[in-house]
Amino acid sequence: MAKKEKEIVSSGVHYKPSFGDRMISIITYIVYSIFAFVCVYPFYYIFINSISSNQLSERGKIIFVPKEIHFTNYISVMRLEGLFDAAKISILRTTIGTLVVVFTSAFLGYMFTSKTMWARKFWYRFIAATMYFNAGIIPLYITMNNLKLTNNFWIYILPTAISPFYLILCKTFIEATPAELRDAAMIDGAGTLTIFFRIMLPVIKPILATVAIFTAVNQWNAFQDTLIYVTDKKLNTLQYVLYQYITQSSSIKALLNGSSSSANIAASMAKMQTATSVRMTVTIVVVTPILLVYPFFQKYFTKGIMIGAVKG
Amino acid sequence: MSKKKWRSFREFLYILPFVLIVLMVSYYPLYGWVYAFFDYKPPAPLTPDKFVGLKWFKYMVENPVKIKQILQVLRNTFAISGLSLLFSWFPMMFAVFLNEIKCVPFKKFVQTVTTIPNFISWVLVFSIAYSVLNSTGVVNSILLNLHLIDRPIDFLKSTEHIYFKQWLWLTWKNAGWAAIMYIAAITGIDEQMIEAAKVDGASRMQIIRHITIPSILPTYFVIVMLNLANFLTNGMEQFYVFQNSFNKDYIQVLDLYVYNLAMGSGGYSLSVAVSILKTIVSIVLLSLTNGFSKLVRGEGFI
């Protein structure tokens with residue numbers, strides 16, 4: 001895209017920008033700088049607070065520059081009860097959930113391109129229709145309870161194991177690959193599954209990358225399923241634990257405000273954990289994977305929305 | 001069985017396990033809708049004597065307390081969805097003017113950083129909101145330092161402009177991402193058209209008004225239709241994390257109401273009834289907007 005734009009600029013008709021045009025330039029640069037700032041600064045703000053003196057941070061003194069830098073917060077939160085387990089669960093569900101969705105989307109997408117399947121259209125619609133309805137919280141809870149999935153790790157995987165949307169993405173992609181590919185293999189005597197694993201999977205890797213990245217982000221961010229189906233603390237995810245820290249820290253704060261100023265209680269120990277430091281540090285821990293992954297995989301994200309848009 | 005038939009059936013057998021999973025997690029729960037017609041109090045199982053017919057549906061329109069609550073919930077839902085609809089042009093204009101930036105690295109940078117918030121969870125958004133807006137957060141610190149206020153404002157508890165503030169968070173999270181579709185549509189505009197307009201002495205505003213915006217209006221139309229189809233669906237996560245005892249009356253949208261009924265006050269059957277009504281209205285809205293889109297564009301979006 002960048003190359004194309006440069007060409008337009010250089011090959012373009014040279015015209016003298018009018019006053020109005022230049023004003024537009026200046027205003028757009030200013031406005032978009034503000035937008036960018038509004039999106040970047042909160043992350044930066046929380047980060048510098050998590051590495052600054054906890055006492056200063058507690059009093060809201062860290063705004064642009066970190067002061068008295070230390071990293072003890074990151075070591076301390078590791079010892080917080082439940083955080084390590086929550087990280088394990090979050091990583092596990094992200095990994096397994098992503099593998100499962102990638103496989104089911106690719107496999108079903110592939111199978112539904114096979115015109116010979118018995119009642120293919122009916123089964124395809126049977127699955128695609130689930131995009132448009134949802135039984136609701138209570139019916140879902142009762143079902144999952146009957147299926148023994150509440151307080152069970154698989155509640156994070158099974159209900160979302162088959163995603164009609166990604167299935168359709170894969171199906172559309174496979175339909176665009178040359179039919180000769182599978183015809184030739186079929187003539188050579190390869191079975192349905194062999195064709196899928198040996199020929200299709202390598203061919204559709206680009207779309208699978210998109211599916212994988214979206215599923216991984218969704219799995220990492222999921223919060224509602226823990227909220228509804230899980231009471232067992234061992235199955236808490238990072239998102240859920242973070243939410244608890246925020247709501248708990250506000251009650252802790254209210255207590256502190258009620259007695260005397262929080263600064264006195266925090267004493268002079270810059271590295272002593274406070275409600276603020278725990279909250280900020282955990283926030284950074286939870287958000288970092290997304291911030292690290294996103295810039296590298298941006299093109300897959302963008303591709304996802306575009307194919308989705310074409311399909312409509 | 002002939003070889004051909006067997007093959008066709010075997011292909012079905014390959015997908016059968018997945019069909020069964022879908023049946024179990026998506027279709028089987030639908031039977032739970034019968035709870036709306038019973039007086040259900042778990043863990044006691046459903047028995048025929050608990051059948052109450054349309055009691056809960058009538059309850060919604062007859063019990064004064066419930067009527068008030070439901071009107072409140074509808075007001076919140078309409079206000080928030082209405083605001084989104086009213087400002088649905090924002091991502092489009094964001095894309096249009098982003099396209100006016102000729103410095104490619106800057107443009108790329110803006111695009112990257114404004115799309116990131118779309119990929120963090122609502123819990124994280126709330127954590128950010130809390131960090132920035134609480135009594136020792138950066139906003140209060142700066143306002144205090146500038147002596148604009150004497151004491152910290154508890155933004156998250158105040159109900160002033162609450163719909164607009166919720167819209168702002170939603171926009172902070174989504175706008176950059178929503179703009180991508182328009183950016184792609186703008187890239188597809190015929191460059192010769194723009195060159196020709198420049199030769200004719202068109203200003204940038206004129207090009208935007210007469211070429212860029214008309215070219216991406218079809219995309220905008222689809223987005224508006226989808227917005228309308230999802231008018232009752234705001235999702236519960238955003239409002240769940242932002243709700244507290246101070247703003248509850250203003251933030252409880254339909255999705256959150258269904259959840260709060262289910263989890264809090266033990267209104268299990270009522271919750272199912274509300275969610276059934278919501279589903280029905282949503283399906284009607286979806287087919288209406290889809291039909292309208294077919295009428296206008298010649299194709300639907302389902």
# chains A, B, ... in the order shown; residues from 1 in each chain; ligands from 1
>>> closest_atom_pairs(of="chain B", to="chain A", cutoff="6 Å", atoms="only C-alpha atoms", output="JSON lines")
{"residue": "B:Ser8", "atom": "CA", "partner": "A:Met117", "partner_atom": "CA", "distance": 4.5}
{"residue": "B:Phe9", "atom": "CA", "partner": "A:Trp118", "partner_atom": "CA", "distance": 5.5}
{"residue": "B:Glu11", "atom": "CA", "partner": "A:Met117", "partner_atom": "CA", "distance": 5.4}
{"residue": "B:Phe12", "atom": "CA", "partner": "A:Met117", "partner_atom": "CA", "distance": 5.8}
{"residue": "B:Val25", "atom": "CA", "partner": "A:Pro159", "partner_atom": "CA", "distance": 5.6}
{"residue": "B:Pro29", "atom": "CA", "partner": "A:Pro139", "partner_atom": "CA", "distance": 5.3}
{"residue": "B:Leu30", "atom": "CA", "partner": "A:Ala135", "partner_atom": "CA", "distance": 5.1}
{"residue": "B:Gly32", "atom": "CA", "partner": "A:Pro139", "partner_atom": "CA", "distance": 4.4}
{"residue": "B:Val110", "atom": "CA", "partner": "A:Ala36", "partner_atom": "CA", "distance": 5.5}
{"residue": "B:Thr114", "atom": "CA", "partner": "A:Cys39", "partner_atom": "CA", "distance": 5.8}
{"residue": "B:Ser121", "atom": "CA", "partner": "A:Asn221", "partner_atom": "CA", "distance": 4.9}
{"residue": "B:Thr136", "atom": "CA", "partner": "A:Gly60", "partner_atom": "CA", "distance": 4.6}
{"residue": "B:Gly137", "atom": "CA", "partner": "A:Gly60", "partner_atom": "CA", "distance": 5.7}
{"residue": "B:Arg204", "atom": "CA", "partner": "A:Asp21", "partner_atom": "CA", "distance": 5.8}
{"residue": "B:Phe301", "atom": "CA", "partner": "A:Gly312", "partner_atom": "CA", "distance": 5.1}
>>> atom_distance(atom1="CA of Val230 in chain A", atom2="CA of Thr150 in chain A")
6.0 Å
>>> closest_residue(among="B:Leu256, B:Val19, B:Leu228, B:Ile153", to="Ser84 in chain B", atoms="only C-alpha atoms")
B:Leu228
>>> residues_around(residues="Trp169 in chain B", least_positions_apart="3", cutoff="9 Å", atoms="only C-alpha atoms", output="ChimeraX atom specification")
/B:125,129,164-166,172-174,238
>>> residues_around(residues="Asn227 in chain B", least_positions_apart="4", cutoff="7 Å", atoms="only C-alpha atoms", output="VMD selection string")
chain B and resid 85 223 231
>>> write_last_selection(atoms="C-alpha atoms", output="mmCIF file, in the first residue's frame")
data_model
loop_
_atom_site.group_PDB
_atom_site.id
_atom_site.type_symbol
_atom_site.label_atom_id
_atom_site.label_comp_id
_atom_site.auth_asym_id
_atom_site.auth_seq_id
_atom_site.Cartn_x
_atom_site.Cartn_y
_atom_site.Cartn_z
ATOM 1 C CA LEU B 85 -26.166 4.970 15.582
ATOM 2 C CA ILE B 223 -22.772 -0.740 8.837
ATOM 3 C CA PHE B 231 -30.103 -2.312 18.303
#
>>> select_by_dssp(residues="range 95-272 of chain A", states="helix (DSSP H, G or I)", output="PDB file with C-alpha atoms, in the first residue's frame")
ATOM      1  CA  THR A  95      -3.393 -22.638  23.319  1.00  0.00           C
ATOM      2  CA  ILE A  96      -5.907 -25.479  23.344  1.00  0.00           C
ATOM      3  CA  GLY A  97      -8.843 -23.300  22.334  1.00  0.00           C
ATOM      4  CA  THR A  98      -6.945 -21.906  19.370  1.00  0.00           C
ATOM      5  CA  LEU A  99      -5.764 -25.312  18.164  1.00  0.00           C
ATOM      6  CA  VAL A 100      -9.291 -26.694  18.419  1.00  0.00           C
ATOM      7  CA  VAL A 101     -10.966 -23.819  16.570  1.00  0.00           C
ATOM      8  CA  VAL A 102      -8.332 -23.801  13.834  1.00  0.00           C
ATOM      9  CA  PHE A 103      -8.785 -27.512  13.330  1.00  0.00           C
ATOM     10  CA  THR A 104     -12.596 -27.536  13.331  1.00  0.00           C
ATOM     11  CA  SER A 105     -12.807 -24.484  11.039  1.00  0.00           C
ATOM     12  CA  ALA A 106     -10.339 -25.934   8.551  1.00  0.00           C
ATOM     13  CA  PHE A 107     -11.753 -29.447   8.626  1.00  0.00           C
ATOM     14  CA  LEU A 108     -15.424 -28.507   8.467  1.00  0.00           C
ATOM     15  CA  GLY A 109     -14.702 -25.789   5.920  1.00  0.00           C
ATOM     16  CA  TYR A 110     -13.009 -28.435   3.811  1.00  0.00           C
ATOM     17  CA  MET A 111     -15.683 -31.101   4.299  1.00  0.00           C
ATOM     18  CA  ARG A 120     -24.472 -31.323   2.875  1.00  0.00           C
ATOM     19  CA  LYS A 121     -26.535 -28.159   2.521  1.00  0.00           C
ATOM     20  CA  PHE A 122     -28.716 -29.027   5.472  1.00  0.00           C
ATOM     21  CA  TRP A 123     -25.785 -29.670   7.828  1.00  0.00           C
ATOM     22  CA  TYR A 124     -24.016 -26.557   6.626  1.00  0.00           C
ATOM     23  CA  ARG A 125     -27.034 -24.418   7.418  1.00  0.00           C
ATOM     24  CA  PHE A 126     -27.536 -26.303  10.669  1.00  0.00           C
ATOM     25  CA  ILE A 127     -24.136 -25.064  11.823  1.00  0.00           C
ATOM     26  CA  ALA A 128     -24.180 -21.626  10.167  1.00  0.00           C
ATOM     27  CA  ALA A 129     -27.566 -20.775  11.715  1.00  0.00           C
ATOM     28  CA  THR A 130     -26.063 -20.848  15.209  1.00  0.00           C
ATOM     29  CA  MET A 131     -24.492 -17.471  14.414  1.00  0.00           C
ATOM     30  CA  ILE A 137     -27.798 -17.210  30.146  1.00  0.00           C
ATOM     31  CA  ILE A 138     -30.063 -19.463  32.218  1.00  0.00           C
ATOM     32  CA  PRO A 139     -30.737 -22.099  29.538  1.00  0.00           C
ATOM     33  CA  LEU A 140     -27.028 -22.181  28.709  1.00  0.00           C
ATOM     34  CA  TYR A 141     -26.079 -22.483  32.345  1.00  0.00           C
ATOM     35  CA  ILE A 142     -28.524 -25.339  32.927  1.00  0.00           C
ATOM     36  CA  THR A 143     -27.274 -27.120  29.822  1.00  0.00           C
ATOM     37  CA  MET A 144     -23.631 -26.769  30.742  1.00  0.00           C
ATOM     38  CA  ASN A 145     -24.459 -27.920  34.238  1.00  0.00           C
ATOM     39  CA  ASN A 146     -26.236 -30.998  32.866  1.00  0.00           C
ATOM     40  CA  PHE A 153     -11.740 -26.610  32.261  1.00  0.00           C
ATOM     41  CA  TRP A 154     -13.517 -27.709  29.066  1.00  0.00           C
ATOM     42  CA  ILE A 155     -16.171 -25.039  29.531  1.00  0.00           C
ATOM     43  CA  TYR A 156     -13.533 -22.726  28.061  1.00  0.00           C
ATOM     44  CA  LEU A 158     -16.229 -26.819  24.018  1.00  0.00           C
ATOM     45  CA  PRO A 159     -18.949 -24.138  23.683  1.00  0.00           C
ATOM     46  CA  THR A 160     -16.761 -22.151  21.292  1.00  0.00           C
ATOM     47  CA  PRO A 164     -19.566 -20.806  12.105  1.00  0.00           C
ATOM     48  CA  PHE A 165     -17.903 -17.547  11.145  1.00  0.00           C
ATOM     49  CA  TYR A 166     -14.375 -18.972  10.864  1.00  0.00           C
ATOM     50  CA  LEU A 167     -15.765 -22.090   9.251  1.00  0.00           C
ATOM     51  CA  ILE A 168     -17.296 -19.944   6.499  1.00  0.00           C
ATOM     52  CA  LEU A 169     -14.022 -18.001   6.146  1.00  0.00           C
ATOM     53  CA  CYS A 170     -12.131 -21.267   5.593  1.00  0.00           C
ATOM     54  CA  LYS A 171     -14.779 -22.676   3.266  1.00  0.00           C
ATOM     55  CA  THR A 172     -14.698 -19.534   1.113  1.00  0.00           C
ATOM     56  CA  PHE A 173     -10.911 -19.703   1.002  1.00  0.00           C
ATOM     57  CA  ILE A 174     -10.871 -23.390   0.047  1.00  0.00           C
ATOM     58  CA  GLU A 175     -13.454 -22.816  -2.673  1.00  0.00           C
ATOM     59  CA  ALA A 176     -11.094 -20.272  -4.205  1.00  0.00           C
ATOM     60  CA  GLU A 180      -7.478 -29.633  -9.810  1.00  0.00           C
ATOM     61  CA  LEU A 181      -5.544 -29.830  -6.563  1.00  0.00           C
ATOM     62  CA  ARG A 182      -7.882 -32.301  -4.930  1.00  0.00           C
ATOM     63  CA  ASP A 183      -9.077 -33.896  -8.174  1.00  0.00           C
ATOM     64  CA  ALA A 184      -5.549 -34.914  -9.051  1.00  0.00           C
ATOM     65  CA  ALA A 185      -4.974 -36.339  -5.589  1.00  0.00           C
ATOM     66  CA  MET A 186      -8.270 -38.197  -5.739  1.00  0.00           C
ATOM     67  CA  ILE A 187      -7.316 -39.813  -9.029  1.00  0.00           C
ATOM     68  CA  THR A 192     -10.757 -37.560   1.929  1.00  0.00           C
ATOM     69  CA  LEU A 193      -8.675 -37.308   5.078  1.00  0.00           C
ATOM     70  CA  THR A 194      -5.367 -37.713   3.288  1.00  0.00           C
ATOM     71  CA  ILE A 195      -6.266 -34.893   0.932  1.00  0.00           C
ATOM     72  CA  PHE A 196      -7.183 -32.721   3.876  1.00  0.00           C
ATOM     73  CA  PHE A 197      -4.040 -33.277   5.888  1.00  0.00           C
ATOM     74  CA  ARG A 198      -1.517 -33.574   3.060  1.00  0.00           C
ATOM     75  CA  ILE A 199      -2.811 -31.119   0.502  1.00  0.00           C
ATOM     76  CA  MET A 200      -5.397 -28.735   1.929  1.00  0.00           C
ATOM     77  CA  LEU A 201      -3.843 -27.815   5.261  1.00  0.00           C
ATOM     78  CA  PRO A 202      -0.602 -26.482   3.724  1.00  0.00           C
ATOM     79  CA  VAL A 203      -2.524 -24.590   1.055  1.00  0.00           C
ATOM     80  CA  LYS A 205      -2.202 -21.780   5.987  1.00  0.00           C
ATOM     81  CA  PRO A 206      -2.693 -18.026   5.398  1.00  0.00           C
ATOM     82  CA  ILE A 207      -6.351 -18.114   6.362  1.00  0.00           C
ATOM     83  CA  LEU A 208      -5.603 -20.400   9.294  1.00  0.00           C
ATOM     84  CA  ALA A 209      -3.157 -17.830  10.599  1.00  0.00           C
ATOM     85  CA  THR A 210      -5.950 -15.276  10.595  1.00  0.00           C
ATOM     86  CA  VAL A 211      -8.340 -17.647  12.345  1.00  0.00           C
ATOM     87  CA  ALA A 212      -5.669 -18.572  14.887  1.00  0.00           C
ATOM     88  CA  ILE A 213      -4.798 -15.018  15.771  1.00  0.00           C
ATOM     89  CA  PHE A 214      -8.422 -13.952  16.243  1.00  0.00           C
ATOM     90  CA  THR A 215      -9.287 -17.001  18.308  1.00  0.00           C
ATOM     91  CA  ALA A 216      -6.204 -16.585  20.456  1.00  0.00           C
ATOM     92  CA  VAL A 217      -7.083 -12.969  21.234  1.00  0.00           C
ATOM     93  CA  ASN A 218     -10.682 -13.913  22.024  1.00  0.00           C
ATOM     94  CA  GLN A 219      -9.612 -16.739  24.273  1.00  0.00           C
ATOM     95  CA  TRP A 220      -7.109 -14.562  26.098  1.00  0.00           C
ATOM     96  CA  ASN A 221      -9.718 -11.830  26.586  1.00  0.00           C
ATOM     97  CA  GLN A 224     -17.900 -13.889  30.715  1.00  0.00           C
ATOM     98  CA  ASP A 225     -17.538 -17.681  30.758  1.00  0.00           C
ATOM     99  CA  THR A 226     -15.552 -17.608  33.995  1.00  0.00           C
ATOM    100  CA  LEU A 227     -18.089 -15.214  35.454  1.00  0.00           C
ATOM    101  CA  ILE A 228     -21.051 -17.436  34.637  1.00  0.00           C
ATOM    102  CA  TYR A 229     -19.865 -21.028  34.762  1.00  0.00           C
ATOM    103  CA  LYS A 233     -10.895 -20.636  42.107  1.00  0.00           C
ATOM    104  CA  LYS A 234      -8.416 -22.978  40.445  1.00  0.00           C
ATOM    105  CA  LEU A 235     -10.068 -22.306  37.097  1.00  0.00           C
ATOM    106  CA  LEU A 238      -6.137 -13.743  34.375  1.00  0.00           C
ATOM    107  CA  GLN A 239      -8.945 -11.487  33.156  1.00  0.00           C
ATOM    108  CA  TYR A 240     -11.179 -12.616  35.982  1.00  0.00           C
ATOM    109  CA  VAL A 241      -8.490 -12.247  38.612  1.00  0.00           C
ATOM    110  CA  LEU A 242      -7.646  -8.779  37.322  1.00  0.00           C
ATOM    111  CA  TYR A 243     -11.293  -7.785  37.569  1.00  0.00           C
ATOM    112  CA  GLN A 244     -11.358  -8.990  41.157  1.00  0.00           C
ATOM    113  CA  TYR A 245      -8.250  -6.990  41.997  1.00  0.00           C
ATOM    114  CA  ILE A 246      -9.811  -3.834  40.591  1.00  0.00           C
ATOM    115  CA  THR A 247     -13.085  -4.214  42.448  1.00  0.00           C
ATOM    116  CA  GLN A 248     -11.354  -5.292  45.641  1.00  0.00           C
ATOM    117  CA  SER A 249      -8.821  -2.510  45.511  1.00  0.00           C
ATOM    118  CA  SER A 250     -11.620   0.029  45.295  1.00  0.00           C
ATOM    119  CA  SER A 251     -13.089  -1.316  48.523  1.00  0.00           C
ATOM    120  CA  ILE A 252      -9.656  -1.264  50.127  1.00  0.00           C
ATOM    121  CA  LYS A 253      -9.282   2.323  48.993  1.00  0.00           C
ATOM    122  CA  ALA A 254     -12.644   3.278  50.426  1.00  0.00           C
ATOM    123  CA  LEU A 255     -11.564   1.878  53.781  1.00  0.00           C
ATOM    124  CA  LEU A 256      -8.294   3.786  53.707  1.00  0.00           C
ATOM    125  CA  ASN A 257     -10.000   7.015  52.763  1.00  0.00           C
ATOM    126  CA  GLY A 258     -12.393   6.533  55.631  1.00  0.00           C
ATOM    127  CA  SER A 259      -9.695   6.467  58.317  1.00  0.00           C
ATOM    128  CA  SER A 262      -3.695   6.762  52.328  1.00  0.00           C
ATOM    129  CA  ALA A 263      -0.241   8.283  52.065  1.00  0.00           C
ATOM    130  CA  ASN A 264       0.413   7.927  55.792  1.00  0.00           C
ATOM    131  CA  ILE A 265      -0.500   4.308  55.842  1.00  0.00           C
TER     132      ILE A 265
END
>>> closest_residue(among="B:Ile101, B:Ile120, B:Ala95, B:Val224", to="Met181 in chain B", atoms="only C-alpha atoms")
B:Ala95
>>> closest_residue(among="B:Ser282, B:Ser26, B:Ser141, B:Gln69", to="Ala229 in chain B", atoms="only C-alpha atoms")
B:Ser282
>>> closest_residue(among="B:Val253, B:Val274, B:Leu261, B:Val138", to="Arg75 in chain B", atoms="only C-alpha atoms")
B:Val253
>>> residues_around(residues="Gly176 in chain B", least_positions_apart="4", cutoff="7 Å", atoms="only C-alpha atoms", output="MDAnalysis selection string")
chainID B and resid 91 111 114:115 180
